[in-house]
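Enquirer: Below you will find the structure I want to go over with you.
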Amino acid sequence: MQYLKHFLTLFFFCVFVQSLNAQSSPEINPSESAFFTEFVGQLHFIEGRLASLAEAVPEEKYSWGPAEGVRSVSEVYAHAGGANYFLLSYLGGKMPEGFNPDEKAITKKSDIIKMLKDSFEYARNFVSNMKEEDLDKEVELPFGKFTQRGVLFILITHGHEHLGQSIAYARMNGITPPWSQGEN
């Protein structure tokens with residue numbers, strides 16, 4: 001009897017986890033490849049962390065930078081969001097109407113957060129409509145030739161790079177990332 005109780009608990013836990021996983025990426029058709037599903041999951045993760053940290057940083061800190069000639073807080077967020085559009089434009093993506101790629105052009109906290117979130121939504125939708133057979137096609141970026149898959153890897157690593165940078169900036173200003181509140 002105890003065995004059956006444990007089995008049923010494990011079974012329902014697995015069904016529950018699978019249900020959560022299916023709900024976490026509504027843009028992806030479950031019949032699509034694991035690569036695109038996992039990629040979109042990474043975009044969700046990076047956006048969630050960047051956006052929650054951007055919201056936690058007071059607007060008066062958005063002009064702060066660690067040294068002369070180094071990106072400010074606002075410029076890091078604008079750069080991270082703008083890069084989503086920039087990199088995907090080499091895969092056939094389009095810059096949004098009126099988008100200014102100059103990371104110094106946008107300084108208001110609410111505008112930066114909106115642009116950041118919009119760029120990740122755009123990236124998720126764009127990637128969700130890509131075809132697996134196109135991943136091996138080569139494209140020319142200003143810094144070299146890459147497969148479309150390679151460009152997607154650059155997009156993800158770039159997002160993680162600037163997430164780390166923004167965490168360091170926040171901590172240098174006495175701001176604890178919201179997801180690590182209460183941790184040592």
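By convention in this document, the chains of the structure tokens carry letters A, B, ... by their order, each chain's residues are numbered from 1, and ligands are numbered from 1 in the order they are shown.
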Run DSSP on the backbone and grab whatever in chain A lands in strand (DSSP E); send it over as a VMD selection string.
Expert: chain A and resid 138 to 141 144 to 147
Enquirer: Go through segment 119-177 of chain A residue by residue and, counting only C-alpha atoms, keep those with an atom at most 9 Å from segment 41-53 of chain A; for each kept residue give the shortest atom pair and its distance in Å to one decimal, ordered by chain and increasing number, as a Markdown table.
Expert:
| residue | atom | partner | partner_atom | distance |
| --- | --- | --- | --- | --- |
| A:Phe120 | CA | A:Glu47 | CA | 6.3 |
| A:Glu121 | CA | A:His44 | CA | 8.6 |
| A:Ala123 | CA | A:Leu43 | CA | 7.7 |
| A:Arg124 | CA | A:Leu43 | CA | 6.7 |
| A:Ile156 | CA | A:Leu43 | CA | 7.1 |
| A:Gly159 | CA | A:Ile46 | CA | 6.4 |
| A:His160 | CA | A:Ile46 | CA | 6.6 |
| A:His162 | CA | A:Leu50 | CA | 8.4 |
| A:Leu163 | CA | A:Leu50 | CA | 5.9 |
| A:Ser166 | CA | A:Leu50 | CA | 7.6 |
| A:Ile167 | CA | A:Leu53 | CA | 7.6 |
| A:Ala170 | CA | A:Leu53 | CA | 7.8 |
| A:Ile175 | CA | A:Leu53 | CA | 8.8 |
| A:Thr176 | CA | A:Leu53 | CA | 8.6 |
| A:Pro177 | CA | A:Leu53 | CA | 5.8 |
Enquirer: Would you write out, as CSV, a table of all residues in segment 115-158 of chain A that have an atom no more than 12 Å from an atom of segment 102-110 of chain A, listing for each the closest atom pair and the distance in Å to one decimal, considering only C-alpha atoms and ordering rows by chain and rising residue number?
Expert:
residue,atom,partner,partner_atom,distance
A:Met115,CA,A:Ser110,CA,8.6
A:Leu116,CA,A:Ser110,CA,9.9
A:Lys117,CA,A:Ser110,CA,10.6
Enquirer: So which bits of segment 8-169 of chain A end up alpha helix (DSSP H) when you DSSP the backbone, as a count of residues only?
Expert: 99
Enquirer: Using only C-alpha atoms, pick whichever of A:Gln148, A:Ser74, A:Asn129, A:Ser33 has the shortest atom-to-atom distance to Leu87 of chain A.
Expert: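 Of A:Gln148, A:Ser74, A:Asn129, A:Ser33, the one nearest Leu87 of chain A, counting only C-alpha atoms, is A:Gln148.
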Enquirer: With a distance cut-off of 12 Å and only C-alpha atoms, select the neighbouring residues of Glu60 of chain A, excluding the residue or stretch itself and same-chain residues fewer than 2 positions from it, and output the selection as number ranges by chain.
Expert: A: 56-58, 62-65, 72-74, 107-109, 173
Enquirer: Using only C-alpha atoms, pick whichever of A:Lys114, A:Glu59, A:Phe39, A:Pro96 has the shortest atom-to-atom distance to Val127 of chain A.
Expert: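 When distances to Val127 of chain A are compared using only C-alpha atoms, the smallest one comes from A:Phe39.
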Enquirer: Would you compute the distance between atom CA of Phe36 of chain A and atom CA of Gly144 of chain A? Give it in Å to one decimal.
Expert: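 Value for the atom CA of Phe36 of chain A-atom CA of Gly144 of chain A distance: 23.4 Å.
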Enquirer: Suppose you want the space between atom CA of Glu55 of chain A and atom CA of Ile113 of chain A; what is it in Å?
Expert: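 Between atom CA of Glu55 of chain A and atom CA of Ile113 of chain A the gap works out to 7.3 Å.
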Enquirer: Residues within 12 Å of Leu91 of chain A, please, as JSON, numbers by chain. Count only C-alpha atoms; anything in the same chain fewer than 5 positions from it doesn't count.
Expert: {"A": [84, 85, 86, 123, 126, 127, 129, 130, 131, 134, 135, 136, 137, 138, 139, 140, 141, 146, 147, 148, 149, 150, 151, 152, 155]}
